[in-house]
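Asker: File follows, target-v4.csv with CSV, C-alpha atoms:
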chain,number,residue,atom,x,y,z
A,1,MET,CA,-14.2,-11.2,-18.3
A,2,LYS,CA,-12.0,-11.9,-21.2
A,3,LYS,CA,-9.3,-9.3,-21.8
A,4,GLN,CA,-9.8,-7.0,-24.7
A,5,LEU,CA,-7.2,-5.3,-26.7
A,6,VAL,CA,-7.6,-1.5,-26.7
A,7,ILE,CA,-5.8,0.5,-29.4
A,8,SER,CA,-6.4,4.2,-28.8
A,9,THR,CA,-5.3,7.3,-30.6
A,10,SER,CA,-6.1,10.9,-30.0
A,11,ILE,CA,-9.1,10.7,-32.2
A,12,ASP,CA,-10.4,7.1,-32.2
A,13,LEU,CA,-10.2,3.9,-30.3
A,14,VAL,CA,-10.4,0.2,-31.4
A,15,ARG,CA,-11.5,-2.3,-28.7
A,16,ILE,CA,-11.3,-5.9,-29.9
A,17,ALA,CA,-11.1,-9.4,-28.4
A,18,PRO,CA,-7.8,-11.0,-29.2
A,19,ASP,CA,-9.4,-14.0,-30.8
A,20,ARG,CA,-11.2,-11.7,-33.3
A,21,VAL,CA,-7.8,-10.6,-34.7
A,22,VAL,CA,-6.4,-12.8,-37.5
A,23,TYR,CA,-3.2,-10.8,-37.8
A,24,PHE,CA,-1.6,-7.4,-37.7
A,25,ALA,CA,0.5,-6.3,-40.6
A,26,SER,CA,3.0,-3.5,-40.8
A,27,ASP,CA,2.3,-0.7,-43.2
A,28,GLY,CA,5.2,1.8,-42.6
A,29,ASN,CA,4.3,3.9,-39.6
A,30,TYR,CA,0.8,2.4,-39.5
A,31,SER,CA,-0.5,-1.1,-38.9
A,32,THR,CA,-3.4,-3.0,-40.4
A,33,ILE,CA,-5.6,-5.1,-38.3
A,34,VAL,CA,-7.2,-8.0,-40.2
A,35,GLN,CA,-10.3,-9.2,-38.3
A,36,THR,CA,-12.1,-12.5,-38.4
A,37,ASP,CA,-15.2,-10.8,-39.8
A,38,GLY,CA,-13.2,-9.8,-42.8
A,39,GLU,CA,-12.9,-6.2,-41.9
A,40,VAL,CA,-9.5,-4.6,-42.3
A,41,ARG,CA,-8.7,-1.6,-40.1
A,42,MET,CA,-5.7,0.7,-40.2
A,43,VAL,CA,-4.4,2.2,-36.9
A,44,SER,CA,-1.7,4.9,-36.5
A,45,TYR,CA,0.6,2.6,-34.5
A,46,GLN,CA,3.8,1.0,-35.7
A,47,LEU,CA,3.9,-2.8,-35.4
A,48,GLY,CA,6.4,-2.6,-32.6
A,49,GLN,CA,4.0,-0.4,-30.6
A,50,ILE,CA,1.2,-2.9,-31.2
A,51,GLU,CA,3.4,-5.6,-29.9
A,52,LYS,CA,4.1,-3.6,-26.8
A,53,LEU,CA,0.3,-2.9,-26.3
A,54,ILE,CA,-0.4,-6.6,-26.6
A,55,GLY,CA,2.3,-7.4,-24.1
A,56,SER,CA,1.2,-4.8,-21.6
A,57,GLN,CA,-2.6,-5.2,-21.9
A,58,LEU,CA,-3.0,-8.9,-22.4
A,59,GLY,CA,0.0,-10.2,-20.4
A,60,SER,CA,0.3,-14.0,-20.7
A,61,GLU,CA,-2.9,-14.1,-22.8
A,62,GLY,CA,-1.0,-12.2,-25.4
A,63,ALA,CA,0.9,-15.4,-26.1
A,64,ILE,CA,-1.7,-16.3,-28.7
A,65,PHE,CA,0.1,-13.7,-30.9
A,66,ILE,CA,3.4,-14.4,-32.5
A,67,ARG,CA,5.6,-11.8,-34.0
A,68,ILE,CA,7.0,-12.9,-37.3
A,69,GLY,CA,9.8,-10.8,-38.6
A,70,LYS,CA,9.4,-7.1,-38.9
A,71,SER,CA,6.0,-7.0,-40.6
A,72,LEU,CA,3.6,-9.5,-39.1
A,73,ILE,CA,1.9,-10.3,-35.8
A,74,ILE,CA,-0.3,-13.4,-36.3
A,75,ASN,CA,-2.9,-15.1,-34.1
A,76,ARG,CA,-1.5,-18.6,-33.7
A,77,SER,CA,-5.1,-19.9,-33.3
A,78,TYR,CA,-5.6,-19.4,-37.0
A,79,ILE,CA,-2.4,-20.9,-38.3
A,80,TYR,CA,-3.7,-23.4,-40.9
A,81,TYR,CA,-0.9,-24.1,-43.3
A,82,ILE,CA,2.8,-23.4,-43.5
A,83,ASN,CA,4.9,-24.0,-46.6
A,84,VAL,CA,8.5,-23.1,-45.9
A,85,PRO,CA,10.0,-23.3,-49.4
A,86,LYS,CA,7.1,-21.3,-50.9
A,87,GLN,CA,7.3,-18.9,-47.9
A,88,LYS,CA,3.6,-19.3,-47.6
A,89,LEU,CA,1.5,-19.0,-44.4
A,90,ILE,CA,-2.3,-19.4,-44.5
A,91,LEU,CA,-4.3,-18.1,-41.6
A,92,SER,CA,-7.8,-19.5,-41.5
A,93,ASP,CA,-10.6,-20.7,-39.3
A,94,VAL,CA,-11.3,-23.3,-42.1
A,95,ASN,CA,-14.8,-21.9,-42.3
A,96,THR,CA,-15.3,-18.3,-42.9
A,97,PHE,CA,-12.0,-16.7,-43.8
A,98,ASN,CA,-8.7,-17.6,-45.4
A,99,HIS,CA,-5.7,-15.2,-45.5
A,100,THR,CA,-2.4,-16.0,-47.2
A,101,VAL,CA,0.6,-14.1,-46.0
A,102,THR,CA,4.3,-14.4,-46.7
A,103,ALA,CA,7.3,-14.6,-44.3
A,104,SER,CA,10.9,-15.5,-44.6
A,105,LYS,CA,11.8,-19.2,-44.8
A,106,GLU,CA,13.8,-19.1,-41.6
A,107,ALA,CA,10.9,-17.5,-39.7
A,108,LEU,CA,8.4,-20.0,-41.1
A,109,LYS,CA,10.8,-22.8,-40.3
A,110,GLN,CA,11.0,-21.6,-36.7
A,111,LEU,CA,7.3,-21.3,-36.6
A,112,LYS,CA,6.8,-24.8,-37.9
A,113,GLU,CA,9.2,-26.2,-35.3
A,114,LEU,CA,7.5,-24.3,-32.6
A,115,LEU,CA,4.1,-25.8,-33.5
A,116,GLU,CA,5.6,-29.2,-33.8
A,117,LYS,CA,7.2,-28.9,-30.4
A,118,GLU,CA,3.9,-27.7,-28.8
A,119,ALA,CA,2.0,-30.6,-30.4
A,120,LYS,CA,4.2,-33.2,-28.7
B,1,MET,CA,5.3,-0.7,-20.7
B,2,LYS,CA,7.4,-3.7,-21.4
B,3,GLU,CA,10.2,-3.0,-23.8
B,4,PHE,CA,10.7,-5.3,-26.8
B,5,LYS,CA,14.0,-5.9,-28.5
B,6,ASP,CA,14.2,-5.3,-32.2
B,7,ILE,CA,13.3,-8.3,-34.4
B,8,LYS,CA,14.8,-9.4,-37.7
B,9,ASP,CA,12.8,-10.8,-40.7
B,10,ASP,CA,14.0,-14.3,-40.1
B,11,GLN,CA,13.0,-14.4,-36.4
B,12,ILE,CA,9.8,-15.1,-34.6
B,13,ARG,CA,8.7,-14.1,-31.1
B,14,ILE,CA,5.8,-15.2,-28.9
B,15,ILE,CA,4.3,-12.0,-27.5
B,16,GLY,CA,3.4,-11.8,-23.8
B,17,GLU,CA,5.3,-14.9,-23.0
B,18,ASP,CA,7.7,-14.4,-20.1
B,19,ASN,CA,10.8,-16.2,-21.5
B,20,SER,CA,12.6,-15.9,-18.2
B,21,GLY,CA,9.8,-17.8,-16.5
B,22,LYS,CA,9.8,-21.0,-18.5
B,23,SER,CA,10.8,-23.3,-15.7
B,24,PRO,CA,8.1,-23.9,-13.1
B,25,PHE,CA,10.8,-24.3,-10.5
B,26,ARG,CA,12.4,-20.9,-11.2
B,27,ARG,CA,10.5,-19.0,-8.6
B,28,PHE,CA,11.3,-21.6,-6.0
B,29,TRP,CA,15.0,-21.4,-6.8
B,30,ILE,CA,14.9,-17.6,-6.7
B,31,ILE,CA,13.2,-17.7,-3.3
B,32,LEU,CA,15.7,-20.3,-2.0
B,33,LEU,CA,18.7,-18.3,-3.3
B,34,SER,CA,17.3,-15.1,-1.7
B,35,VAL,CA,16.9,-16.8,1.7
B,36,CYS,CA,20.5,-18.2,1.4
B,37,VAL,CA,21.9,-14.7,0.6
B,38,LEU,CA,19.9,-13.2,3.5
B,39,LEU,CA,21.2,-15.8,5.9
B,40,LEU,CA,24.7,-15.3,4.7
B,41,VAL,CA,24.6,-11.5,5.1
B,42,GLY,CA,22.9,-11.8,8.5
B,43,GLY,CA,25.5,-14.3,9.7
B,44,SER,CA,28.3,-12.1,8.5
B,45,ILE,CA,26.9,-9.0,10.3
B,46,LEU,CA,26.3,-11.1,13.5
B,47,PHE,CA,29.9,-12.5,13.3
B,48,ALA,CA,31.3,-9.0,12.8
B,49,VAL,CA,29.3,-7.5,15.8
B,50,LEU,CA,30.3,-10.4,18.1
B,51,ASN,CA,33.9,-10.1,17.1
B,52,ARG,CA,33.9,-6.3,17.7
B,53,GLU,CA,32.4,-6.9,21.2
B,54,LYS,CA,35.1,-9.4,21.9
B,55,ALA,CA,37.8,-7.1,20.7
B,56,SER,CA,36.4,-4.2,22.8
B,57,GLU,CA,36.5,-6.4,25.8
B,58,THR,CA,40.2,-7.4,25.3
B,59,GLU,CA,41.7,-4.3,23.8
B,60,PRO,CA,42.3,-1.0,25.7
B,61,GLU,CA,40.4,2.1,24.9
B,62,PRO,CA,41.9,4.0,22.0
B,63,ALA,CA,44.0,7.0,22.9
B,64,TYR,CA,42.4,10.4,22.2
B,65,PHE,CA,45.1,11.5,19.9
B,66,GLU,CA,45.1,11.7,16.2
B,67,PRO,CA,47.2,8.9,14.7
B,68,GLU,CA,50.6,10.2,13.6
B,69,THR,CA,50.8,10.4,9.8
B,70,THR,CA,54.1,10.2,8.1
B,71,SER,CA,54.2,11.9,4.8
B,72,GLU,CA,55.8,10.1,1.9
B,73,PRO,CA,58.6,12.1,0.3
B,74,ILE,CA,57.7,13.1,-3.3
B,75,VAL,CA,60.2,11.6,-5.6
B,76,CYS,CA,61.2,14.1,-8.2
B,77,GLU,CA,62.0,12.6,-11.5
B,78,TRP,CA,63.5,15.6,-13.2
B,79,LEU,CA,64.2,15.5,-16.9
B,80,GLY,CA,67.6,17.2,-16.5
B,81,SER,CA,70.7,15.6,-15.2
B,82,ARG,CA,72.1,16.3,-11.7
B,83,VAL,CA,74.8,19.0,-12.0
B,84,ASP,CA,77.3,20.1,-9.5
B,85,SER,CA,76.1,23.4,-8.1
B,86,LEU,CA,79.6,24.9,-8.5
B,87,ALA,CA,79.8,23.9,-12.2
B,88,LYS,CA,79.7,26.6,-14.9
B,89,GLY,CA,76.2,27.3,-16.1
B,90,PHE,CA,74.9,25.8,-19.3
B,91,THR,CA,71.8,24.6,-21.0
B,92,GLU,CA,71.2,20.9,-21.2
B,93,ILE,CA,69.5,20.0,-24.5
B,94,ARG,CA,67.4,16.9,-24.7
B,95,ASP,CA,65.5,15.7,-27.7
B,96,THR,CA,62.4,13.6,-27.4
B,97,LEU,CA,59.3,12.5,-29.3
B,98,ILE,CA,55.8,12.8,-27.8
B,99,ASN,CA,52.7,12.0,-29.8
B,100,ASP,CA,54.9,12.0,-33.0
B,101,ILE,CA,55.9,15.6,-32.2
B,102,PRO,CA,59.7,16.1,-32.0
B,103,LEU,CA,60.4,18.2,-28.9
B,104,ARG,CA,63.7,19.8,-28.0
B,105,ILE,CA,63.9,20.5,-24.2
B,106,TYR,CA,66.3,23.2,-23.0
B,107,ILE,CA,67.1,22.8,-19.3
B,108,PRO,CA,69.2,25.6,-17.8
B,109,HIS,CA,71.7,24.6,-15.1
B,110,ASN,CA,73.3,26.9,-12.6
B,111,ALA,CA,71.6,29.8,-14.4
B,112,GLU,CA,69.1,32.5,-13.4
B,113,MET,CA,66.2,33.8,-15.5
B,114,SER,CA,65.6,37.4,-16.2
B,115,LEU,CA,64.0,39.4,-19.0
B,116,TYR,CA,65.6,41.7,-21.5
B,117,VAL,CA,64.0,44.2,-23.8
B,118,GLY,CA,65.7,45.3,-27.0
B,119,ARG,CA,68.6,44.0,-29.1
B,120,MET,CA,70.3,41.1,-27.4
B,121,ASP,CA,74.1,41.0,-27.5
B,122,ILE,CA,74.9,37.6,-28.9
B,123,ARG,CA,78.5,38.0,-27.7
B,124,ASP,CA,77.3,38.1,-24.1
B,125,THR,CA,79.0,35.0,-22.7
B,126,SER,CA,77.0,35.0,-19.5
B,127,VAL,CA,73.8,34.0,-21.5
B,128,VAL,CA,73.2,30.3,-21.7
B,129,TYR,CA,69.7,30.6,-23.1
B,130,ALA,CA,67.7,33.3,-24.8
B,131,ALA,CA,64.3,33.2,-26.5
B,132,GLN,CA,61.6,35.8,-27.2
B,133,ALA,CA,59.2,36.2,-24.4
B,134,ALA,CA,56.2,38.5,-24.7
B,135,ASP,CA,54.4,39.4,-27.9
B,136,VAL,CA,54.7,42.8,-29.4
B,137,ARG,CA,51.7,44.8,-30.6
B,138,ALA,CA,51.6,45.2,-34.4
B,139,ASP,CA,49.9,48.6,-34.2
B,140,ASN,CA,52.1,50.5,-31.8
B,141,GLY,CA,55.0,48.2,-31.1
B,142,GLY,CA,54.1,48.0,-27.4
B,143,ILE,CA,54.5,44.9,-25.3
B,144,VAL,CA,51.3,42.8,-25.1
B,145,GLY,CA,50.2,42.2,-21.5
B,146,ALA,CA,51.7,43.1,-18.2
B,147,PHE,CA,55.5,43.3,-18.2
B,148,VAL,CA,57.9,44.1,-15.5
B,149,LEU,CA,61.6,44.5,-16.2
B,150,LYS,CA,63.9,44.5,-13.2
B,151,GLY,CA,61.2,46.0,-11.0
B,152,THR,CA,60.0,48.5,-13.6
B,153,PRO,CA,56.6,48.0,-15.1
B,154,ARG,CA,56.9,48.4,-18.9
B,155,SER,CA,53.4,47.4,-19.8
B,156,TRP,CA,50.1,46.8,-18.1
B,157,GLY,CA,46.9,45.0,-18.7
B,158,LEU,CA,45.6,41.4,-19.1
B,159,SER,CA,45.6,40.1,-22.6
B,160,LYS,CA,46.7,36.6,-22.0
B,161,LYS,CA,46.2,34.6,-18.8
B,162,GLY,CA,49.5,32.8,-18.7
B,163,PHE,CA,52.3,34.5,-16.8
B,164,CYS,CA,55.9,33.9,-15.9
B,165,ALA,CA,57.8,35.6,-13.1
B,166,SER,CA,61.4,35.5,-11.9
B,167,ILE,CA,61.7,37.0,-8.5
B,168,ASP,CA,64.8,36.6,-6.3
B,169,GLY,CA,65.9,33.8,-8.6
B,170,VAL,CA,62.7,31.9,-8.3
B,171,VAL,CA,60.9,31.3,-11.5
B,172,THR,CA,57.1,30.8,-11.4
B,173,VAL,CA,55.0,29.8,-14.4
B,174,GLY,CA,51.3,29.9,-14.0
B,175,VAL,CA,47.8,30.7,-15.3
B,176,ALA,CA,45.8,33.4,-13.6
B,177,GLU,CA,43.9,36.6,-14.5
B,178,ASN,CA,45.4,38.4,-11.6
B,179,SER,CA,48.7,37.5,-10.0
B,180,PRO,CA,50.3,39.2,-7.0
B,181,LEU,CA,53.6,38.3,-8.6
B,182,PHE,CA,53.2,41.4,-10.8
B,183,GLU,CA,53.3,43.7,-7.8
B,184,GLU,CA,55.9,41.5,-6.1
B,185,ALA,CA,58.2,41.8,-9.1
B,186,THR,CA,57.9,45.5,-9.0
B,187,GLU,CA,58.8,45.6,-5.3
B,188,LYS,CA,61.7,43.2,-5.5
B,189,GLU,CA,63.3,44.2,-8.8
B,190,GLY,CA,61.9,41.1,-10.4
B,191,TYR,CA,60.6,40.2,-13.8
B,192,PHE,CA,57.1,39.4,-15.0
B,193,PHE,CA,55.5,38.8,-18.4
B,194,ARG,CA,52.4,37.4,-19.9
B,195,GLN,CA,51.8,34.9,-22.7
B,196,TYR,CA,49.3,32.3,-23.9
B,197,PRO,CA,48.6,29.7,-21.2
B,198,LEU,CA,49.3,26.1,-22.4
B,199,VAL,CA,49.0,23.9,-19.3
B,200,ASP,CA,47.4,24.7,-16.0
B,201,ASN,CA,47.8,22.1,-13.2
B,202,GLY,CA,48.5,19.4,-15.7
B,203,GLN,CA,45.4,20.2,-17.7
B,204,LEU,CA,45.5,21.4,-21.3
B,205,VAL,CA,44.4,25.0,-21.9
B,206,GLU,CA,42.8,25.7,-25.2
B,207,ASN,CA,43.7,28.9,-27.1
B,208,ALA,CA,42.1,30.7,-30.0
B,209,PRO,CA,44.9,30.7,-32.6
B,210,LYS,CA,44.5,27.6,-34.7
B,211,GLY,CA,47.3,27.7,-37.1
B,212,LYS,CA,50.4,25.6,-37.1
B,213,SER,CA,53.9,26.9,-36.4
B,214,ILE,CA,57.1,26.1,-34.6
B,215,ARG,CA,56.0,26.3,-31.0
B,216,ARG,CA,58.0,27.3,-27.9
B,217,GLY,CA,57.0,27.3,-24.3
B,218,ILE,CA,58.4,27.7,-20.8
B,219,CYS,CA,57.3,24.9,-18.4
B,220,ASP,CA,57.3,23.9,-14.8
B,221,ARG,CA,57.4,20.2,-14.2
B,222,GLN,CA,57.7,19.1,-10.6
B,223,GLY,CA,59.5,22.4,-9.9
B,224,GLU,CA,61.9,21.9,-12.7
B,225,ILE,CA,61.9,24.9,-15.1
B,226,PHE,CA,62.7,24.3,-18.7
B,227,MET,CA,61.9,25.5,-22.2
B,228,VAL,CA,60.5,23.4,-25.0
B,229,GLU,CA,60.5,23.8,-28.7
B,230,THR,CA,58.8,21.7,-31.4
B,231,GLY,CA,60.8,20.4,-34.3
B,232,THR,CA,57.8,20.6,-36.6
B,233,PRO,CA,55.0,23.1,-37.0
B,234,GLU,CA,52.2,22.3,-34.6
B,235,SER,CA,48.9,23.7,-33.4
B,236,PHE,CA,48.6,25.2,-30.0
B,237,HIS,CA,46.4,22.3,-29.0
B,238,ASP,CA,48.8,19.6,-30.1
B,239,PHE,CA,51.8,21.4,-28.5
B,240,ALA,CA,49.9,21.8,-25.2
B,241,GLN,CA,48.8,18.1,-25.3
B,242,ALA,CA,52.4,17.1,-25.8
B,243,LEU,CA,53.5,19.1,-22.8
B,244,VAL,CA,50.7,17.5,-20.8
B,245,ASP,CA,51.9,14.1,-21.9
B,246,LEU,CA,55.4,15.1,-20.9
B,247,GLY,CA,54.1,15.5,-17.4
B,248,VAL,CA,54.3,19.3,-17.3
B,249,ASP,CA,52.3,21.0,-14.5
B,250,GLN,CA,52.4,24.6,-15.7
B,251,ALA,CA,53.3,25.9,-19.1
B,252,ILE,CA,52.9,29.1,-21.0
B,253,TYR,CA,53.9,30.0,-24.6
B,254,LEU,CA,57.0,31.8,-25.8
B,255,VAL,CA,57.2,33.5,-29.1
B,256,GLY,CA,57.3,30.7,-31.7
B,257,SER,CA,57.8,30.5,-35.4
B,258,SER,CA,61.0,32.2,-36.6
B,259,ALA,CA,61.7,34.2,-33.4
B,260,TYR,CA,65.4,34.1,-32.8
B,261,GLY,CA,67.1,32.6,-29.8
B,262,TRP,CA,69.9,30.4,-28.7
B,263,ALA,CA,71.2,28.0,-26.1
B,264,ILE,CA,74.7,27.2,-25.0
B,265,ASP,CA,75.4,23.6,-24.1
B,266,GLN,CA,77.8,22.2,-21.6
B,267,ALA,CA,80.6,22.1,-24.2
B,268,GLY,CA,80.0,25.8,-24.9
B,269,THR,CA,78.5,25.2,-28.3
B,270,ARG,CA,75.9,27.6,-29.4
B,271,HIS,CA,72.6,26.2,-30.7
B,272,GLU,CA,70.6,28.8,-32.5
B,273,PHE,CA,66.9,28.6,-33.4
B,274,GLY,CA,64.7,30.9,-35.5
B,275,ASP,CA,65.9,33.5,-37.9
B,276,ASN,CA,68.4,36.1,-36.7
B,277,ASN,CA,66.8,38.8,-38.7
B,278,TYR,CA,67.6,41.5,-36.2
B,279,TYR,CA,71.2,41.3,-36.9
B,280,THR,CA,71.3,40.7,-40.6
B,281,GLY,CA,69.4,43.9,-41.2
B,282,ARG,CA,66.9,42.2,-43.4
B,283,ARG,CA,64.1,43.2,-41.1
B,284,ARG,CA,64.0,45.7,-38.2
B,285,MET,CA,62.8,44.1,-35.1
B,286,PRO,CA,60.4,46.1,-32.9
B,287,LYS,CA,62.3,48.0,-30.2
B,288,ASN,CA,60.2,46.3,-27.5
B,289,THR,CA,61.1,42.8,-28.5
B,290,SER,CA,61.6,41.0,-25.2
B,291,TYR,CA,63.6,37.9,-24.3
B,292,ILE,CA,63.7,35.5,-21.5
B,293,VAL,CA,67.4,35.3,-20.7
B,294,TRP,CA,69.1,32.7,-18.6
B,295,ARG,CA,72.5,33.9,-17.3
B,296,ARG,CA,75.1,32.0,-15.5
B,297,LYS,CA,75.0,32.5,-11.8
Kindly transcribe the structure held in the file into structure tokens.
Answerer:
Amino acid sequence: MKKQLVISTSIDLVRIAPDRVVYFASDGNYSTIVQTDGEVRMVSYQLGQIEKLIGSQLGSEGAIFIRIGKSLIINRSYIYYINVPKQKLILSDVNTFNHTVTASKEALKQLKELLEKEAK
Amino acid sequence: MKEFKDIKDDQIRIIGEDNSGKSPFRRFWIILLSVCVLLLVGGSILFAVLNREKASETEPEPAYFEPETTSEPIVCEWLGSRVDSLAKGFTEIRDTLINDIPLRIYIPHNAEMSLYVGRMDIRDTSVVYAAQAADVRADNGGIVGAFVLKGTPRSWGLSKKGFCASIDGVVTVGVAENSPLFEEATEKEGYFFRQYPLVDNGQLVENAPKGKSIRRGICDRQGEIFMVETGTPESFHDFAQALVDLGVDQAIYLVGSSAYGWAIDQAGTRHEFGDNNYYTGRRRMPKNTSYIVWRRK
């Protein structure tokens, strides 16, 4: 069975397949989960804690997620477009959703190089 | 839970990827290295065991006596110079600087320490060093803490943990709440007084007073007894630290600030310190003002 990511607090619980997450965004002490179905959910975890949960629960399968700077964890499956000078990153399945996020030029440059390297 | 390092805005990190395991051959190398280490350790142990067996075959049984230990003589590096024991008593004065604190060290030679209560006679030529010893109570003029003058107790009680005794010509400086030297001083016509402790077994002793003043103390360094005076106003802490850095083993305070005293050097020159108020009549000193007095033997 495919591993699910479980984000549990004292009052609620989110259980989601990793490939249903487009990205996590930091919102202070909270984090926002942007899902492939368009829903946006806020959880009372800091982004660093989400990163730890992914690492501990998904193990090597967690490698589909990439932490970008302090405020983003993206699902690499949905990286559609990177523009370094414009600091623009579009996450999309090229069908149902399309999310534009921003990141630092250096981080996007590294991300671009990573994907280029993996493509070879 | 796996710990993650902090990340900067211009960095990226693949989550869940074991960076240390990038090489497929890594595990193989780890296993190979572990086997090598194990073999090396095992070989060393085997070698040691075999050698011991060989040695036990060739060497005679060890004798059932404790090996004779020869103790190394302790080299005393005294601050004072070596003086002929028949020479006339005097106080050697040495100036030094420790932690930026100017210190004047008074080292009596061929002299014996005693205590004195009352007005000192500055014309007494037998005295080579004199400085105020115990504190005097502001309310009733009594001596603070236990005090024995030539075998006669003049004051009792523990107010300060530092003590100094001179019994049969032997001076002891120490820190203790109870000291048998008080009783011994009364039995052997000795001297005993108490003051603030400064150094105990080479360790700094903290004291409550926090102000700065000219500080004085009596010290024991490798058995050498001497008095120290700061050239500048210092706190108790800084003074005690300077004594520790001087290598002092035991030290207690002497009355500091403008308390009067003097030392006679080898040339017979008098070196006074403090204010001689007692004699100028500007201020009447308490009748129980006490002094440590080093007299020529």
Asker: What is the atom CA of A:Lys52 to atom CA of B:Lys8 distance in Å?
Answerer: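 We find that atom CA of A:Lys52 and atom CA of B:Lys8 lie 16.3 Å from each other.
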Asker: Report as a count of residues only all protein, DNA and RNA residues lying within 9 Å of A:Tyr23, evaluated on all atoms listed in the file, omitting residues in the same chain fewer than 5 positions from it.
Answerer: 12
Asker: Please, which residues of chain A lie no more than 8 Å from chain B when the count uses only C-alpha atoms, and can they be set out as a PyMOL selection string?
Answerer: chain A and resi 48+51-56+58-71+103-107+110-111
Asker: Please tell me which residues are no farther than 10 Å from (1.4, 2.7, -41.7) in the file, counting all atoms listed in the file, and write them as a CSV table (one decimal) with C-alpha atoms, in the coordinates of the input.
Answerer:
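This is the output file part-v3.csv:
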chain,number,residue,atom,x,y,z
A,25,ALA,CA,0.5,-6.3,-40.6
A,26,SER,CA,3.0,-3.5,-40.8
A,27,ASP,CA,2.3,-0.7,-43.2
A,28,GLY,CA,5.2,1.8,-42.6
A,29,ASN,CA,4.3,3.9,-39.6
A,30,TYR,CA,0.8,2.4,-39.5
A,31,SER,CA,-0.5,-1.1,-38.9
A,32,THR,CA,-3.4,-3.0,-40.4
A,42,MET,CA,-5.7,0.7,-40.2
A,43,VAL,CA,-4.4,2.2,-36.9
A,44,SER,CA,-1.7,4.9,-36.5
A,45,TYR,CA,0.6,2.6,-34.5
A,46,GLN,CA,3.8,1.0,-35.7
A,47,LEU,CA,3.9,-2.8,-35.4
Asker: Counting only C-alpha atoms, what is within 10 Å of stretch 139-144 of chain B, bar same-chain residues fewer than 3 positions away, as a list in words?
Answerer: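 Surrounding residues, per the criterion: Val117, Ala133, Ala134, Asp135, Val136, Phe147, Arg154, Ser155, Trp156, Gly157, Leu158, Ser159, Lys160, Phe193, Arg194, Gln195, Met285, Pro286, Lys287, Asn288, Thr289 and Ser290 of chain B.
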Asker: Kindly indicate which residue among A:Asn95, A:Gln57, A:Gln87, A:Ser77 lies nearest to A:Lys3, using only C-alpha atoms for the distances.
Answerer: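 Among the listed residues, A:Gln57 lies closest to A:Lys3.
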Asker: Just the residues within 9 Å of stretch 96-101 of chain A, please, counting all atoms listed in the file, with nothing from its chain fewer than 2 positions along; format it as a list in words.
Answerer: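 So the residues in contact are Val22, Thr36, Asp37, Gly38, Leu72, Tyr80, Gln87, Lys88, Leu89, Ile90, Leu91, Ser92, Asp93, Val94 and Ala103 of chain A.
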Asker: Kindly give the distance, in Å, that separates atom CA of B:Asn99 and atom CA of B:Leu198, rounded to a single decimal.
Answerer: 16.3 Å
Asker: Kindly give the distance, in Å, that separates atom CA of B:Lys210 and atom CA of B:Arg119, rounded to a single decimal.
Answerer: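 Separation of atom CA of B:Lys210 and atom CA of B:Arg119: 29.7 Å.
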Asker: Counting all atoms listed in the file, which residues come within 12 Å of (59.0, 15.3, -14.0), with the point read in the file's coordinates, and could you list them as a VMD selection string?
Answerer: chain B and resid 74 to 81 202 219 to 226 243 to 250
Asker: Tell me which of B:Met113, B:His271, B:Leu103, B:Cys164 sits closest to B:Arg215, counting all atoms listed in the file.
Answerer: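 For B:Arg215, the nearest of the given residues is B:Leu103.
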Asker: Let me make sure I understand: among B:Glu177, B:Glu189, B:Asp275, B:Asp265, which one has the smallest atom-to-atom distance to B:Gly162 if we use all atoms listed in the file?
Answerer: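 Nearest candidate to B:Gly162 out of B:Glu177, B:Glu189, B:Asp275, B:Asp265: B:Glu177.
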